[in-house]
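Below is run24.txt, holding compact mmCIF, C-alpha atoms and all ligand atoms.
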# COMPACT_ATOMS: atom_id res chain seq x y z
CA MET A 1119 1.79 15.20 20.58
CA LEU A 1120 3.52 11.82 20.27
CA ILE A 1121 1.68 9.00 18.52
CA LEU A 1122 2.82 5.40 18.37
CA GLY A 1123 1.61 3.80 15.14
CA ILE A 1124 1.50 0.03 14.69
CA GLU A 1125 1.09 -1.71 11.33
CA THR A 1126 0.60 -5.49 11.08
CA SER A 1127 -2.04 -5.88 8.37
CA CYS A 1128 -0.03 -8.20 6.14
CA ASP A 1129 3.57 -9.39 6.30
CA GLU A 1130 5.37 -6.35 7.70
CA ALA A 1131 5.44 -5.70 11.43
CA SER A 1132 6.15 -2.04 11.93
CA ALA A 1133 5.99 0.50 14.73
CA ALA A 1134 6.79 4.19 14.60
CA VAL A 1135 6.70 7.25 16.80
CA VAL A 1136 5.51 10.37 14.99
CA GLU A 1137 5.40 13.83 16.51
CA ASP A 1138 2.49 16.16 15.69
CA GLY A 1139 1.44 14.01 12.75
CA ARG A 1140 4.46 15.06 10.65
CA ARG A 1141 7.87 14.45 12.23
CA ILE A 1142 9.02 10.81 12.16
CA LEU A 1143 11.09 10.13 15.30
CA SER A 1144 11.41 6.41 14.55
CA ASN A 1145 9.97 3.95 12.03
CA VAL A 1146 11.02 0.34 12.59
CA ILE A 1147 9.98 -2.11 9.87
CA TYR A 1148 10.43 -5.84 10.25
CA SER A 1149 9.84 -7.54 6.90
CA GLN A 1150 8.89 -11.21 6.66
CA ASP A 1151 9.93 -11.50 2.99
CA GLU A 1152 12.47 -14.19 3.79
CA ILE A 1153 9.80 -16.44 5.34
CA HIS A 1154 7.19 -16.01 2.62
CA SER A 1155 9.63 -16.10 -0.30
CA LEU A 1156 9.86 -19.87 0.30
CA TYR A 1157 6.20 -20.11 -0.76
CA GLY A 1158 6.10 -17.40 -3.45
CA GLY A 1159 3.53 -15.37 -1.54
CA VAL A 1160 2.27 -14.48 1.92
CA VAL A 1161 1.10 -17.43 4.05
CA PRO A 1162 -1.42 -15.83 6.46
CA GLU A 1163 -0.91 -18.21 9.39
CA LEU A 1164 2.86 -17.83 9.27
CA ALA A 1165 2.50 -14.05 9.03
CA SER A 1166 0.38 -13.75 12.19
CA ARG A 1167 2.61 -16.11 14.18
CA GLU A 1168 5.68 -14.12 13.17
CA HIS A 1169 3.94 -10.86 14.12
CA LEU A 1170 3.28 -12.30 17.58
CA ARG A 1171 6.95 -13.18 17.92
CA LYS A 1172 8.18 -9.75 16.78
CA ILE A 1173 5.65 -7.19 17.97
CA ASP A 1174 7.29 -6.59 21.39
CA THR A 1175 10.70 -6.07 19.82
CA VAL A 1176 9.44 -3.81 17.04
CA VAL A 1177 7.48 -1.57 19.43
CA GLY A 1178 10.38 -1.53 21.91
CA GLU A 1179 12.81 -0.51 19.17
CA ALA A 1180 10.45 2.21 17.92
CA LEU A 1181 10.16 3.72 21.41
CA ALA A 1182 13.90 3.47 22.05
CA GLY A 1183 14.67 4.92 18.60
CA ALA A 1184 12.47 7.91 19.38
CA GLY A 1185 14.18 8.32 22.76
CA THR A 1186 10.91 7.88 24.59
CA THR A 1187 8.93 5.40 26.62
CA ALA A 1188 5.37 4.10 26.35
CA ASP A 1189 4.15 6.20 29.29
CA ARG A 1190 5.13 9.38 27.40
CA ILE A 1191 3.10 8.49 24.28
CA ASP A 1192 -0.07 10.60 23.89
CA ALA A 1193 -2.08 8.18 21.74
CA PHE A 1194 -1.79 4.69 20.30
CA ALA A 1195 -2.81 3.83 16.74
CA ALA A 1196 -2.99 0.55 14.87
CA THR A 1197 -4.19 -0.59 11.47
CA CYS A 1198 -7.58 -2.23 12.07
CA GLY A 1199 -8.32 -3.21 8.45
CA PRO A 1200 -8.43 -4.14 5.67
CA GLY A 1201 -5.89 -6.97 5.80
CA LEU A 1202 -5.31 -10.49 7.03
CA ILE A 1203 -7.40 -11.00 10.15
CA GLY A 1204 -4.76 -12.93 12.13
CA SER A 1205 -2.15 -10.29 11.32
CA LEU A 1206 -4.47 -7.35 12.04
CA LEU A 1207 -5.40 -8.73 15.45
CA VAL A 1208 -1.80 -8.74 16.67
CA GLY A 1209 -1.37 -4.99 16.13
CA VAL A 1210 -4.89 -4.09 17.23
CA CYS A 1211 -4.65 -6.07 20.48
CA TYR A 1212 -1.20 -4.68 21.22
CA ALA A 1213 -2.34 -1.08 20.74
CA LYS A 1214 -5.49 -1.71 22.80
CA ALA A 1215 -3.42 -3.07 25.68
CA LEU A 1216 -1.11 -0.04 25.60
CA ALA A 1217 -4.05 2.40 25.44
CA TYR A 1218 -5.72 0.64 28.37
CA VAL A 1219 -2.62 0.45 30.53
CA PHE A 1220 -1.53 4.05 29.93
CA LYS A 1221 -5.07 5.45 29.79
CA LYS A 1222 -4.50 7.16 26.44
CA PRO A 1223 -6.69 7.37 23.32
CA LEU A 1224 -6.75 4.50 20.85
CA TYR A 1225 -7.13 5.07 17.09
CA GLY A 1226 -8.04 2.28 14.70
CA VAL A 1227 -6.74 3.32 11.27
CA ASN A 1228 -7.86 2.15 7.83
CA HIS A 1229 -4.77 0.79 6.07
CA LEU A 1230 -5.55 2.61 2.80
CA ILE A 1231 -6.02 5.94 4.58
CA GLY A 1232 -2.66 5.16 6.18
CA HIS A 1233 -1.02 4.76 2.75
CA MET A 1234 -2.45 8.16 1.74
CA HIS A 1235 -0.97 9.79 4.82
CA ALA A 1236 2.48 8.48 3.92
CA VAL A 1237 2.34 11.18 1.22
CA PHE A 1238 1.58 13.90 3.79
CA LEU A 1239 4.60 12.91 5.91
CA GLU A 1240 6.83 14.27 3.16
CA HIS A 1241 4.70 16.74 1.20
CA GLU A 1242 2.51 19.63 2.17
CA ARG A 1243 -1.03 18.34 2.21
CA PRO A 1244 -2.84 19.74 -0.86
CA ALA A 1245 -6.13 21.55 -0.43
CA PRO A 1246 -8.95 19.13 -1.28
CA PRO A 1247 -10.29 17.95 -3.65
CA TYR A 1248 -7.60 15.44 -4.67
CA MET A 1249 -7.37 11.97 -6.14
CA ALA A 1250 -5.21 9.14 -4.75
CA LEU A 1251 -4.21 5.95 -6.54
CA ILE A 1252 -3.38 3.38 -3.87
CA VAL A 1253 -1.51 0.43 -5.38
CA SER A 1254 -0.19 -2.38 -3.23
CA GLY A 1255 -0.05 -6.15 -2.95
CA GLY A 1256 -3.58 -6.27 -1.59
CA HIS A 1257 -5.25 -3.19 -3.06
CA THR A 1258 -5.67 -1.13 -6.18
CA SER A 1259 -8.03 1.71 -5.39
CA LEU A 1260 -8.82 5.20 -6.55
CA VAL A 1261 -9.71 7.16 -3.44
CA TYR A 1262 -11.16 10.64 -3.82
CA THR A 1263 -11.15 13.34 -1.16
CA ASP A 1264 -13.80 15.90 -2.11
CA ALA A 1265 -13.77 19.62 -1.44
CA ALA A 1266 -15.46 19.08 1.93
CA GLY A 1267 -12.81 16.53 2.93
CA THR A 1268 -15.07 13.50 2.63
CA VAL A 1269 -13.11 10.47 1.48
CA GLY A 1270 -14.59 7.79 -0.74
CA THR A 1271 -13.51 4.98 -3.05
CA VAL A 1272 -14.38 5.75 -6.69
CA GLY A 1273 -12.72 2.71 -8.29
CA LYS A 1274 -11.04 -0.53 -7.26
CA THR A 1275 -9.80 -3.79 -8.64
CA ARG A 1276 -12.38 -6.43 -9.44
CA ASP A 1277 -9.88 -9.26 -9.09
CA ASP A 1278 -6.13 -9.12 -8.47
CA ALA A 1279 -4.40 -6.09 -7.01
CA ALA A 1280 -1.66 -4.59 -9.20
CA GLY A 1281 1.08 -5.71 -6.79
CA GLU A 1282 -0.41 -9.19 -6.67
CA ALA A 1283 -0.14 -9.34 -10.49
CA PHE A 1284 3.53 -8.31 -10.29
CA ASP A 1285 4.10 -10.98 -7.62
CA LYS A 1286 2.33 -13.73 -9.60
CA VAL A 1287 4.06 -12.94 -12.88
CA ALA A 1288 7.41 -12.91 -11.05
CA LYS A 1289 6.55 -16.32 -9.63
CA MET A 1290 5.75 -17.67 -13.12
CA LEU A 1291 9.14 -16.42 -14.29
CA GLY A 1292 10.93 -17.92 -11.28
CA LEU A 1293 12.08 -14.49 -10.09
CA GLY A 1294 11.02 -14.96 -6.46
CA TYR A 1295 9.03 -12.91 -3.94
CA PRO A 1296 8.26 -10.05 -3.65
CA GLY A 1297 7.91 -9.83 -7.39
CA GLY A 1298 7.45 -6.09 -7.96
CA PRO A 1299 11.03 -4.95 -7.45
CA ARG A 1300 12.39 -8.03 -9.27
CA ILE A 1301 10.18 -7.40 -12.32
CA GLU A 1302 11.21 -3.76 -12.33
CA ARG A 1303 14.89 -4.72 -12.20
CA ALA A 1304 14.53 -7.30 -15.00
CA ALA A 1305 12.41 -4.91 -17.10
CA ALA A 1306 15.23 -2.36 -17.09
CA SER A 1307 17.23 -4.45 -19.57
CA GLY A 1308 14.23 -5.61 -21.63
CA LYS A 1309 12.15 -4.20 -24.47
CA PRO A 1310 8.34 -4.02 -24.26
CA THR A 1311 7.91 -5.88 -27.55
CA ILE A 1312 5.12 -8.26 -26.50
CA ARG A 1313 1.53 -7.06 -26.67
CA PHE A 1314 -0.27 -8.61 -23.72
CA SER A 1315 -4.02 -8.26 -23.85
CA ARG A 1316 -5.62 -6.76 -20.80
CA ALA A 1317 -9.14 -6.56 -19.53
CA LYS A 1318 -11.11 -3.53 -20.65
CA ILE A 1319 -13.71 -2.46 -18.15
CA SER A 1320 -16.48 -1.51 -20.53
CA ASP A 1321 -19.23 -0.43 -18.12
CA GLY A 1322 -17.74 3.03 -17.70
CA SER A 1323 -16.71 2.43 -14.09
CA LEU A 1324 -13.32 3.40 -12.67
CA ASP A 1325 -12.54 -0.18 -11.63
CA PHE A 1326 -9.44 -2.14 -12.53
CA SER A 1327 -8.81 -5.75 -13.52
CA PHE A 1328 -5.42 -7.44 -13.58
CA SER A 1329 -6.24 -11.15 -13.77
CA GLY A 1330 -6.56 -11.02 -17.61
CA LEU A 1331 -3.08 -9.57 -17.93
CA LYS A 1332 -1.68 -12.19 -15.58
CA THR A 1333 -3.35 -14.95 -17.63
CA ALA A 1334 -2.03 -13.41 -20.87
CA VAL A 1335 1.52 -13.77 -19.50
CA LEU A 1336 0.77 -17.35 -18.46
CA TYR A 1337 -0.52 -18.28 -21.96
CA HIS A 1338 2.46 -16.57 -23.57
CA LEU A 1339 4.81 -18.62 -21.40
CA ARG A 1340 2.99 -21.85 -22.28
CA GLU A 1341 3.55 -21.19 -25.97
CA ARG A 1342 7.00 -19.69 -25.70
CA PRO A 1343 8.78 -20.62 -22.45
CA ALA A 1344 11.28 -17.96 -21.40
CA THR A 1345 14.61 -19.74 -21.67
CA SER A 1346 16.99 -16.78 -21.56
CA GLN A 1347 17.55 -13.71 -19.42
CA ALA A 1348 16.77 -11.58 -22.47
CA ALA A 1349 13.39 -13.29 -22.96
CA ILE A 1350 12.55 -12.82 -19.26
CA ALA A 1351 13.55 -9.17 -19.44
CA ASP A 1352 11.29 -8.57 -22.48
CA ILE A 1353 8.34 -10.24 -20.76
CA CYS A 1354 8.91 -8.12 -17.64
CA ALA A 1355 9.20 -4.91 -19.65
CA SER A 1356 6.04 -5.76 -21.64
CA PHE A 1357 4.05 -6.76 -18.56
CA GLN A 1358 5.14 -3.69 -16.60
CA LYS A 1359 4.27 -1.37 -19.50
CA THR A 1360 0.80 -2.88 -19.83
CA ALA A 1361 0.14 -2.80 -16.08
CA VAL A 1362 1.24 0.84 -15.90
CA GLU A 1363 -0.96 1.71 -18.90
CA SER A 1364 -4.01 0.21 -17.17
CA LEU A 1365 -3.33 2.24 -14.04
CA VAL A 1366 -2.74 5.46 -15.96
CA GLU A 1367 -5.83 5.00 -18.14
CA GLN A 1368 -8.26 4.62 -15.25
CA THR A 1369 -6.58 7.30 -13.17
CA GLY A 1370 -6.85 9.68 -16.13
CA ARG A 1371 -10.57 8.91 -16.40
CA ALA A 1372 -10.95 9.43 -12.66
CA LEU A 1373 -9.36 12.88 -12.99
CA ASP A 1374 -11.74 13.65 -15.88
CA LEU A 1375 -14.72 12.84 -13.70
CA HIS A 1376 -13.57 14.30 -10.38
CA PRO A 1377 -12.03 17.77 -10.20
CA SER A 1378 -8.73 17.53 -8.33
CA ASN A 1379 -5.97 19.80 -7.09
CA ALA A 1380 -3.39 17.01 -6.93
CA LEU A 1381 -2.74 13.38 -7.77
CA LEU A 1382 -1.41 11.18 -4.96
CA LEU A 1383 0.35 7.89 -5.69
CA CYS A 1384 0.90 5.54 -2.78
CA GLY A 1385 1.27 1.91 -1.66
CA GLY A 1386 4.11 -0.56 -2.31
CA VAL A 1387 3.75 -0.52 -6.12
CA ALA A 1388 4.28 3.25 -6.00
CA CYS A 1389 8.00 2.39 -5.59
CA ASN A 1390 7.98 1.48 -9.29
CA LYS A 1391 9.87 4.13 -11.26
CA ALA A 1392 7.99 3.52 -14.52
CA LEU A 1393 4.70 4.04 -12.68
CA ARG A 1394 6.00 7.16 -10.92
CA ALA A 1395 7.10 8.62 -14.25
CA ALA A 1396 3.84 7.75 -16.02
CA MET A 1397 1.69 9.17 -13.21
CA SER A 1398 3.84 12.31 -13.08
CA ASP A 1399 3.30 12.74 -16.85
CA LEU A 1400 -0.43 12.24 -16.42
CA ALA A 1401 -0.61 14.79 -13.61
CA ARG A 1402 1.56 17.25 -15.55
CA SER A 1403 -0.74 16.97 -18.59
CA ARG A 1404 -3.56 18.16 -16.31
CA GLY A 1405 -1.47 20.87 -14.67
CA LEU A 1406 -1.47 19.03 -11.33
CA PRO A 1407 1.29 18.04 -8.94
CA CYS A 1408 1.90 14.30 -8.57
CA LEU A 1409 2.85 13.51 -4.98
CA TYR A 1410 4.31 10.20 -3.87
CA PRO A 1411 6.30 9.11 -0.81
CA SER A 1412 9.91 7.98 -0.82
CA PRO A 1413 10.16 4.18 -1.31
CA ARG A 1414 10.52 3.37 2.39
CA LEU A 1415 7.21 5.09 3.11
CA CYS A 1416 5.44 3.57 0.09
CA ALA A 1417 5.65 0.10 1.63
CA ASP A 1418 3.72 -0.80 4.77
CA ASN A 1419 5.00 1.11 7.80
CA GLY A 1420 3.90 2.34 11.21
CA ALA A 1421 4.65 6.02 10.54
CA MET A 1422 1.83 6.33 8.02
CA ILE A 1423 -0.57 4.82 10.56
CA ALA A 1424 0.51 7.27 13.26
CA ALA A 1425 0.19 10.14 10.75
CA ALA A 1426 -3.30 9.03 9.73
CA ALA A 1427 -4.41 8.96 13.36
CA LEU A 1428 -3.64 12.65 13.67
CA GLY A 1429 -4.03 13.39 9.97
CA ALA A 1430 -6.43 16.27 9.71
CA GLY A 1431 -8.15 16.88 12.94
CA ILE A 1432 -8.33 13.88 15.19
CA PRO A 1433 -10.77 11.19 14.00
CA PRO A 1434 -13.06 9.69 16.63
CA VAL A 1435 -11.26 7.73 19.33
CA SER A 1436 -11.82 4.01 18.90
CA PRO A 1437 -13.40 2.00 21.70
CA LEU A 1438 -11.26 -0.48 23.62
CA ASP A 1439 -13.27 -3.32 22.10
CA LEU A 1440 -11.99 -2.30 18.63
CA ASP A 1441 -11.75 -5.34 16.38
CA GLY A 1442 -9.77 -6.09 13.25
CA ASP A 1443 -11.92 -6.01 10.10
CA PRO A 1444 -10.40 -7.77 7.06
CA ASN A 1445 -12.89 -6.03 4.73
CA LEU A 1446 -12.91 -2.58 6.31
CA ARG A 1447 -14.29 0.00 3.87
CA ILE A 1448 -13.34 3.64 3.62
CA ALA A 1449 -16.05 5.75 5.21
CA VAL A 1450 -14.42 8.62 6.98
CA ARG A 1451 -14.29 12.38 6.99
CA VAL A 1452 -10.82 13.78 7.29
CA GLY A 1453 -11.40 17.45 6.58
O1 LIG B 1501 2.00 -1.62 0.35
P1 LIG B 1501 2.75 -2.91 0.42
O2 LIG B 1501 4.09 -2.93 1.10
O3 LIG B 1501 1.89 -4.03 1.09
C1 LIG B 1501 0.52 -4.18 0.91
O4 LIG B 1501 -0.27 -3.42 1.53
O5 LIG B 1501 0.19 -5.05 0.06
O6 LIG B 1501 2.91 -3.42 -1.11
C2 LIG B 1501 3.59 -4.59 -1.43
C3 LIG B 1501 3.46 -4.82 -2.93
C4 LIG B 1501 3.99 -6.16 -3.39
O7 LIG B 1501 3.04 -6.77 -4.26
C5 LIG B 1501 5.26 -5.79 -4.15
O8 LIG B 1501 5.58 -6.71 -5.19
C6 LIG B 1501 4.88 -4.45 -4.71
O9 LIG B 1501 4.20 -3.82 -3.65
N1 LIG B 1501 6.07 -3.66 -5.08
C7 LIG B 1501 6.34 -3.28 -6.36
C8 LIG B 1501 7.59 -2.61 -6.30
N2 LIG B 1501 8.03 -2.62 -5.00
C9 LIG B 1501 7.08 -3.26 -4.27
N3 LIG B 1501 5.65 -3.43 -7.49
C10 LIG B 1501 6.19 -2.94 -8.62
N4 LIG B 1501 7.39 -2.32 -8.67
C11 LIG B 1501 8.12 -2.13 -7.53
N5 LIG B 1501 9.31 -1.53 -7.59
ZN ZN B 1502 -0.17 -1.66 2.29
As a first step, turn the structure in this file into structure tokens.
Ligand code: KG4
Ligand code: ZN
Amino acid sequence: MLILGIETSCDEASAAVVEDGRRILSNVIYSQDEIHSLYGGVVPELASREHLRKIDTVVGEALAGAGTTADRIDAFAATCGPGLIGSLLVGVCYAKALAYVFKKPLYGVNHLIGHMHAVFLEHERPAPPYMALIVSGGHTSLVYTDAAGTVGTVGKTRDDAAGEAFDKVAKMLGLGYPGGPRIERAAASGKPTIRFSRAKISDGSLDFSFSGLKTAVLYHLRERPATSQAAIADICASFQKTAVESLVEQTGRALDLHPSNALLLCGGVACNKALRAAMSDLARSRGLPCLYPSPRLCADNGAMIAAAALGAGIPPVSPLDLDGDPNLRIAVRVG
């Protein structure tokens, strides 16, 4: 079973061919970082226009890389939300056209479910129940798969996503976009000596909040501008430590409340080595495995979308009038 997966929810255009939901035959990722770095963040209109320019090439390269052609693909999948509507529509419309022309099933995939399936491309899928922390530029969510395989969001950010906070702090420090990897690099030579206050969610929920931490860095910089590499490194190390602590704290509480056989860590921020180490420690303290994808599969990619389409039993085929939904919620059964 060959599935072509298309991902265009934000600023990466990607297409991949995946065999039987597990074997990646090709995974072409075209990043727009160069375009958006000029503005310090993703400009939605530029992202969708660039997707339109690149989608043919990316899909063509994915098919060629897999040594196949569109008429030999068994099903077409595309991210249909959440994401930027203009960007989503490019991938959704492209997949719809292919499904229509080749008379094959179409699968609209939730981007967050896609990120979770990036884990299953490289690790044996654990028996449910399990908890997933999905951390990216647009999302910070705790997604729980219960023993029956029903998937639901048990916590999410109330303001900025974790990756967005990394990107904004990097911008304040003049480090450029995307900020996450640059903060991580700078943090490596710094000491976490600054205590940044962070929002405490006091209503007992499993939600996150990162705007307070971002503002704490801003206020710190107003009082003490970072004029040396050493000062920047210390701010990065302190910010990263605090952000990781927030993520670990709520994930630990989520594991207290929801029995789990494994902890999954996925999304672009899951590339961060400090976060990987802290989540691995958390999982180990509960006697659980911590599973995360290799960095290339943490970031947005088509392979995770193809894998999610065939993830665990085939989800319902999407109609050919499938639309992009920027606010798509998780409401699926995968088991
Ligand atoms: O999953 P992704 O590629 O796109 C979205 O769905 O948003 O995640 C991109 C985000 C960006 O905010 C980027 O700064 C962050 O992931 N990121 C990192 C690291 N690598 C990427 N954040 C922290 N540390 C990293 N090493
Ligand atoms: Zn993503």
I'd like the contact shell of A:Ala1217 - 7 Å cut-off, only C-alpha atoms, skipping same-chain residues fewer than 6 positions apart - returned as number ranges by chain. A: 1194, 1223-1224
Keeping only C-alpha atoms, write the selected residues to a file as a CSV table (one decimal), in the frame of the given file.
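New file again-v8.csv:
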chain,number,residue,atom,x,y,z
A,1194,PHE,CA,-1.8,4.7,20.3
A,1223,PRO,CA,-6.7,7.4,23.3
A,1224,LEU,CA,-6.8,4.5,20.8
Counting all atoms listed in the file, which residues sit no farther than 12 Å from the position (14.9, -14.8, -18.4) in the file's frame? I'd like them as a PyMOL selection string. chain A and resi 1288+1290-1293+1300-1301+1303-1305+1307-1308+1339+1342-1355
Which is closest to A:Cys1211 among A:Leu1251, A:Ile1147, A:Leu1170, A:Ala1245, if we use all atoms listed in the file?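 Checking each candidate against A:Cys1211, we get A:Leu1170 as the closest.
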May I have the residues within 10 Å of ligand ZN 1502 (chain B), computed using all atoms listed in the file, as an MDAnalysis selection string? chainID A and resid 1125:1130 1200:1201 1229:1233 1252:1257 1384:1387 1416:1419
Shell around stretch 1265-1273 of chain A at 10 Å using all atoms listed in the file, local window under 4 positions removed, as number ranges by chain: A: 1231, 1245-1251, 1258-1261, 1323-1326, 1368-1369, 1372, 1375-1379, 1430, 1447-1453
Near A:Leu1440, counting all atoms listed in the file, which residues have an atom at most 8 Å away, once you skip same-chain residues fewer than 4 positions from it, shown as number ranges by chain? A: 1198, 1210, 1214, 1226, 1436
What gap, in Å, lies between atom CA of A:Arg1404 and atom C4 of ligand LIG 1501 (chain B)?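 Interatomic distance, atom CA of A:Arg1404 to atom C4 of ligand LIG 1501 (chain B): 28.6 Å.
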Is it possible to get the axis-aligned box enclosing stretch 1232-1251 of chain A (all listed atoms, 3 Å extra per side) as JSON, with centre and edge lengths in Å rounded to one decimal?
{"center_x": -1.7, "center_y": 13.2, "center_z": -0.2, "size_x": 23.1, "size_y": 22.8, "size_z": 18.7}
Do you have the atom CA of A:Ala1184-atom CA of A:Leu1143 distance handy?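 Here the two named atoms are 4.8 Å from each other.
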Would you mind telling me which residue in A:Ala1421, A:Leu1446, A:Ile1124, A:Ala1427 lies nearest to A:His1169 when using only C-alpha atoms?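 The closest residue to A:His1169 is A:Ile1124.
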Correct to one decimal, the distance atom CA of A:Ser1315-atom O9 of ligand LIG 1501 (chain B) is 22.3 Å
Residue among A:Ser1132, A:Thr1175, A:Ser1166, A:Thr1187 lying closest to ligand LIG 1501 (chain B), counting all atoms listed in the file: A:Ser1132
Select, counting only C-alpha atoms, all protein, DNA and RNA residues no farther than 12 Å from (9.0, -6.0, 18.4) in file coordinates, and express the selection as a PyMOL selection string. chain A and resi 1124-1126+1130-1134+1145-1149+1168-1182+1208-1209+1212
Selected residue of minimal separation from ligand LIG 1501 (chain B) among A:Glu1163, A:Asp1441, A:Asp1321, A:Glu1282, counting all atoms listed in the file: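 Using all atoms listed in the file, ligand LIG 1501 (chain B) sits closest to A:Glu1282.
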Taking the structure I provided as the source, export stretch 1407-1423 of chain A with C-alpha atoms, as a PDB file, in the first residue's frame.
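Written output follows (result-v2.pdb):
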ATOM      1  CA  PRO A1407       9.734   4.632  27.634  1.00  0.00           C
ATOM      2  CA  CYS A1408      10.069   8.122  26.133  1.00  0.00           C
ATOM      3  CA  LEU A1409       9.717   7.931  22.355  1.00  0.00           C
ATOM      4  CA  TYR A1410      10.617  10.758  20.011  1.00  0.00           C
ATOM      5  CA  PRO A1411      11.402  10.924  16.293  1.00  0.00           C
ATOM      6  CA  SER A1412      14.766  11.793  14.790  1.00  0.00           C
ATOM      7  CA  PRO A1413      15.074  15.570  14.182  1.00  0.00           C
ATOM      8  CA  ARG A1414      14.117  15.411  10.499  1.00  0.00           C
ATOM      9  CA  LEU A1415      10.811  13.775  11.411  1.00  0.00           C
ATOM     10  CA  CYS A1416      10.143  16.113  14.355  1.00  0.00           C
ATOM     11  CA  ALA A1417       9.720  19.069  12.001  1.00  0.00           C
ATOM     12  CA  ASP A1418       6.802  19.272   9.582  1.00  0.00           C
ATOM     13  CA  ASN A1419       7.021  16.595   6.889  1.00  0.00           C
ATOM     14  CA  GLY A1420       4.845  14.630   4.492  1.00  0.00           C
ATOM     15  CA  ALA A1421       5.882  11.190   5.778  1.00  0.00           C
ATOM     16  CA  MET A1422       4.103  11.702   9.101  1.00  0.00           C
ATOM     17  CA  ILE A1423       0.944  12.677   7.219  1.00  0.00           C
TER      18      ILE A1423
END
